[in-house]
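Chemist: Got a structure here, written out as structure tokens. Questions coming.
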Amino acid sequence: GNTASEMSRTLGFNGYSTEDVASYYNKMVTSLTTIDKKTTFESANSIWIEKGFPVKEDFKSTVREYFAAEERLVSFKDPATVDAVNKWCSEKTHEKIPKMVDYFSPDCVMALINAIYFNGRWGIDFNEKTQKEKVTTIDGNDVKVDMMSAEHLLNYSSVDGWSLVGLPYGNGAFRMDVILPPAGMPFKEAVESFDRDLWTTL
């Protein structure tokens, strides 16, 4: 209904059927797991349903077939469900995210949970020795931290004092984009002023 239409419009899926979107997701995730032998990419999906809550079978079959989602029937009022969800997330992220939720709302009837694990080797060589540099924390304290360095030709852009550099992993199929606000800009202000237009320009 309206919710599906609004989500499709927001996510840019207008004009595509549910099967088209699900099929593309399946192909994309499958390719991401094999695209670079120097990186590990794993994606896991699960659907947690309140016992007795009616869910359309075609929805459940879609998430099983295309999203490989595990289905669990639970009681969201039972504290054990929080523990079960957190255990699932911990296992799927190789214990990198041991706690995903603290509680579920009393009126919760379904939770769709996705976990991604990524472990990649840098695609460039950093100097073996780090050097101490001063960094100002969010609360204004100056601390010295170990900094890595490298000389390499990288994707870089600068706009109105903002900087972006792309750091490749492995064969370059994956990349980390690091964004720095203008020097001296408070963190809160940086977060509030960062928007889609700035991201697109960078």
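Following the order of the structure tokens, first chain is A, next is B, and so on, with residues numbered from 1 inside each chain and ligands from 1 in the order they appear.
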Could you find all residues in range 2-195 of chain A that DSSP calls strand (DSSP E) from the backbone, and write them as an MDAnalysis selection string?
Modeler: chainID A and resid 39:50 70:74 110:120 131:136 142:147 155:159 162:169 174:180
Chemist: Can you tell me which residues surround range 32-37 of chain A at a distance of at most 12 Å, considering only C-alpha atoms, apart from same-chain residues fewer than 4 positions away, and format the answer as a PDB file with N, CA and C atoms, in the first residue's frame?
Modeler:
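After the write, part_1.pdb holds the following:
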```
ATOM      1  N   TYR A  25      19.266  -7.280  -5.530  1.00  0.00           N
ATOM      2  CA  TYR A  25      19.946  -7.347  -4.231  1.00  0.00           C
ATOM      3  C   TYR A  25      20.701  -8.667  -4.108  1.00  0.00           C
ATOM      4  N   ASN A  26      20.027  -9.746  -4.478  1.00  0.00           N
ATOM      5  CA  ASN A  26      20.628 -11.070  -4.367  1.00  0.00           C
ATOM      6  C   ASN A  26      21.898 -11.168  -5.205  1.00  0.00           C
ATOM      7  N   LYS A  27      21.847 -10.674  -6.443  1.00  0.00           N
ATOM      8  CA  LYS A  27      23.020 -10.718  -7.321  1.00  0.00           C
ATOM      9  C   LYS A  27      24.139  -9.834  -6.783  1.00  0.00           C
ATOM     10  N   MET A  28      23.774  -8.653  -6.267  1.00  0.00           N
ATOM     11  CA  MET A  28      24.770  -7.719  -5.770  1.00  0.00           C
ATOM     12  C   MET A  28      25.513  -8.301  -4.572  1.00  0.00           C
ATOM     13  N   PHE A  41      33.772 -10.172   2.818  1.00  0.00           N
ATOM     14  CA  PHE A  41      32.497  -9.471   2.916  1.00  0.00           C
ATOM     15  C   PHE A  41      31.414 -10.515   3.145  1.00  0.00           C
ATOM     16  N   GLU A  42      30.691 -10.375   4.245  1.00  0.00           N
ATOM     17  CA  GLU A  42      29.601 -11.301   4.562  1.00  0.00           C
ATOM     18  C   GLU A  42      28.362 -10.500   4.933  1.00  0.00           C
ATOM     19  N   SER A  43      27.225 -10.941   4.440  1.00  0.00           N
ATOM     20  CA  SER A  43      25.958 -10.279   4.744  1.00  0.00           C
ATOM     21  C   SER A  43      24.965 -11.330   5.234  1.00  0.00           C
ATOM     22  N   ALA A  44      24.241 -10.991   6.297  1.00  0.00           N
ATOM     23  CA  ALA A  44      23.260 -11.931   6.855  1.00  0.00           C
ATOM     24  C   ALA A  44      21.968 -11.182   7.155  1.00  0.00           C
ATOM     25  N   ILE A 116      26.324  -6.953   8.562  1.00  0.00           N
ATOM     26  CA  ILE A 116      27.382  -7.002   7.559  1.00  0.00           C
ATOM     27  C   ILE A 116      28.727  -7.097   8.270  1.00  0.00           C
ATOM     28  N   TYR A 117      29.561  -7.993   7.772  1.00  0.00           N
ATOM     29  CA  TYR A 117      30.929  -8.118   8.282  1.00  0.00           C
ATOM     30  C   TYR A 117      31.879  -7.850   7.132  1.00  0.00           C
ATOM     31  N   PHE A 118      32.841  -6.957   7.366  1.00  0.00           N
ATOM     32  CA  PHE A 118      33.818  -6.629   6.342  1.00  0.00           C
ATOM     33  C   PHE A 118      35.208  -6.621   6.962  1.00  0.00           C
ATOM     34  N   ASN A 119      36.133  -7.296   6.313  1.00  0.00           N
ATOM     35  CA  ASN A 119      37.525  -7.296   6.765  1.00  0.00           C
ATOM     36  C   ASN A 119      38.395  -7.220   5.517  1.00  0.00           C
ATOM     37  N   GLY A 120      39.092  -6.093   5.353  1.00  0.00           N
ATOM     38  CA  GLY A 120      39.878  -5.919   4.134  1.00  0.00           C
ATOM     39  C   GLY A 120      41.295  -5.457   4.406  1.00  0.00           C
ATOM     40  N   ARG A 121      42.203  -5.873   3.526  1.00  0.00           N
ATOM     41  CA  ARG A 121      43.576  -5.394   3.583  1.00  0.00           C
ATOM     42  C   ARG A 121      43.660  -4.125   2.741  1.00  0.00           C
ATOM     43  N   TRP A 122      44.459  -3.172   3.216  1.00  0.00           N
ATOM     44  CA  TRP A 122      44.614  -1.935   2.460  1.00  0.00           C
ATOM     45  C   TRP A 122      45.200  -2.237   1.085  1.00  0.00           C
ATOM     46  N   GLY A 123      44.776  -1.463   0.095  1.00  0.00           N
ATOM     47  CA  GLY A 123      45.286  -1.611  -1.263  1.00  0.00           C
ATOM     48  C   GLY A 123      46.544  -0.793  -1.501  1.00  0.00           C
ATOM     49  N   PRO A 168      41.663   2.747  -1.012  1.00  0.00           N
ATOM     50  CA  PRO A 168      41.219   1.452  -1.542  1.00  0.00           C
ATOM     51  C   PRO A 168      41.619   0.276  -0.659  1.00  0.00           C
ATOM     52  N   TYR A 169      40.781  -0.751  -0.692  1.00  0.00           N
ATOM     53  CA  TYR A 169      41.113  -2.030  -0.083  1.00  0.00           C
ATOM     54  C   TYR A 169      41.483  -3.003  -1.198  1.00  0.00           C
ATOM     55  N   GLY A 170      42.313  -3.977  -0.892  1.00  0.00           N
ATOM     56  CA  GLY A 170      42.599  -5.075  -1.808  1.00  0.00           C
ATOM     57  C   GLY A 170      42.836  -4.648  -3.241  1.00  0.00           C
ATOM     58  N   ASN A 171      42.001  -5.178  -4.142  1.00  0.00           N
ATOM     59  CA  ASN A 171      42.160  -4.880  -5.566  1.00  0.00           C
ATOM     60  C   ASN A 171      41.439  -3.608  -5.994  1.00  0.00           C
ATOM     61  N   GLY A 172      40.857  -2.875  -5.031  1.00  0.00           N
ATOM     62  CA  GLY A 172      40.181  -1.623  -5.350  1.00  0.00           C
ATOM     63  C   GLY A 172      38.679  -1.742  -5.513  1.00  0.00           C
ATOM     64  N   ALA A 173      38.138  -2.951  -5.388  1.00  0.00           N
ATOM     65  CA  ALA A 173      36.693  -3.125  -5.518  1.00  0.00           C
ATOM     66  C   ALA A 173      35.955  -2.445  -4.361  1.00  0.00           C
ATOM     67  N   PHE A 174      36.605  -2.386  -3.191  1.00  0.00           N
ATOM     68  CA  PHE A 174      36.046  -1.699  -2.030  1.00  0.00           C
ATOM     69  C   PHE A 174      36.927  -0.498  -1.710  1.00  0.00           C
ATOM     70  N   ARG A 175      36.311   0.548  -1.176  1.00  0.00           N
ATOM     71  CA  ARG A 175      37.048   1.763  -0.851  1.00  0.00           C
ATOM     72  C   ARG A 175      36.443   2.423   0.380  1.00  0.00           C
TER      73      ARG A 175
END
```
Chemist: Please provide as a short mmCIF file (atom, residue, chain, number, x, y, z; two decimals) with all heavy atoms, in the first residue's frame all residues within 8 Å of Glu70 in chain A, with the sequence filter that same-chain residues fewer than 6 positions apart are discarded (counting only C-alpha atoms).
Modeler:
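Once written, part.cif looks like this:
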```cif
data_model
loop_
_atom_site.label_atom_id
_atom_site.label_comp_id
_atom_site.auth_asym_id
_atom_site.auth_seq_id
_atom_site.Cartn_x
_atom_site.Cartn_y
_atom_site.Cartn_z
N ASN A 45 20.85 -11.83 6.91
CA ASN A 45 19.54 -11.24 7.16
C ASN A 45 18.71 -12.16 8.05
O ASN A 45 18.84 -13.38 7.98
CB ASN A 45 18.78 -11.01 5.85
CG ASN A 45 19.50 -10.03 4.94
OD1 ASN A 45 19.80 -8.92 5.34
ND2 ASN A 45 19.79 -10.45 3.72
N SER A 46 17.87 -11.54 8.85
CA SER A 46 16.95 -12.33 9.68
C SER A 46 15.64 -11.58 9.85
O SER A 46 15.59 -10.35 9.78
CB SER A 46 17.57 -12.62 11.06
OG SER A 46 17.88 -11.41 11.73
N ILE A 47 14.59 -12.35 10.03
CA ILE A 47 13.27 -11.77 10.27
C ILE A 47 12.72 -12.39 11.55
O ILE A 47 12.63 -13.62 11.67
CB ILE A 47 12.33 -12.00 9.06
CG1 ILE A 47 10.92 -11.49 9.35
CG2 ILE A 47 12.29 -13.45 8.62
CD1 ILE A 47 10.01 -11.47 8.14
N ARG A 64 13.10 -15.17 2.23
CA ARG A 64 13.87 -16.42 2.31
C ARG A 64 14.65 -16.67 1.01
O ARG A 64 15.84 -16.96 1.04
CB ARG A 64 12.95 -17.62 2.57
CG ARG A 64 12.58 -17.84 4.02
CD ARG A 64 11.99 -19.23 4.24
NE ARG A 64 10.83 -19.49 3.38
CZ ARG A 64 9.58 -19.31 3.75
NH1 ARG A 64 9.29 -18.88 4.97
NH2 ARG A 64 8.59 -19.56 2.92
#
```
Chemist: From the options A:Glu189, A:Tyr16, A:Asp107, A:Ala150, which residue's atoms come nearest to Glu128 in chain A, counting only C-alpha atoms?
Modeler: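 So, comparing all the options, the nearest one is A:Ala150.
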Chemist: In Å, rounded to a single decimal, give me how far CA of His94 in chain A is from CA of Asn127 in chain A.
Modeler: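 Computing the Euclidean distance for CA of Asn127 in chain A and CA of His94 in chain A yields 28.3 Å.
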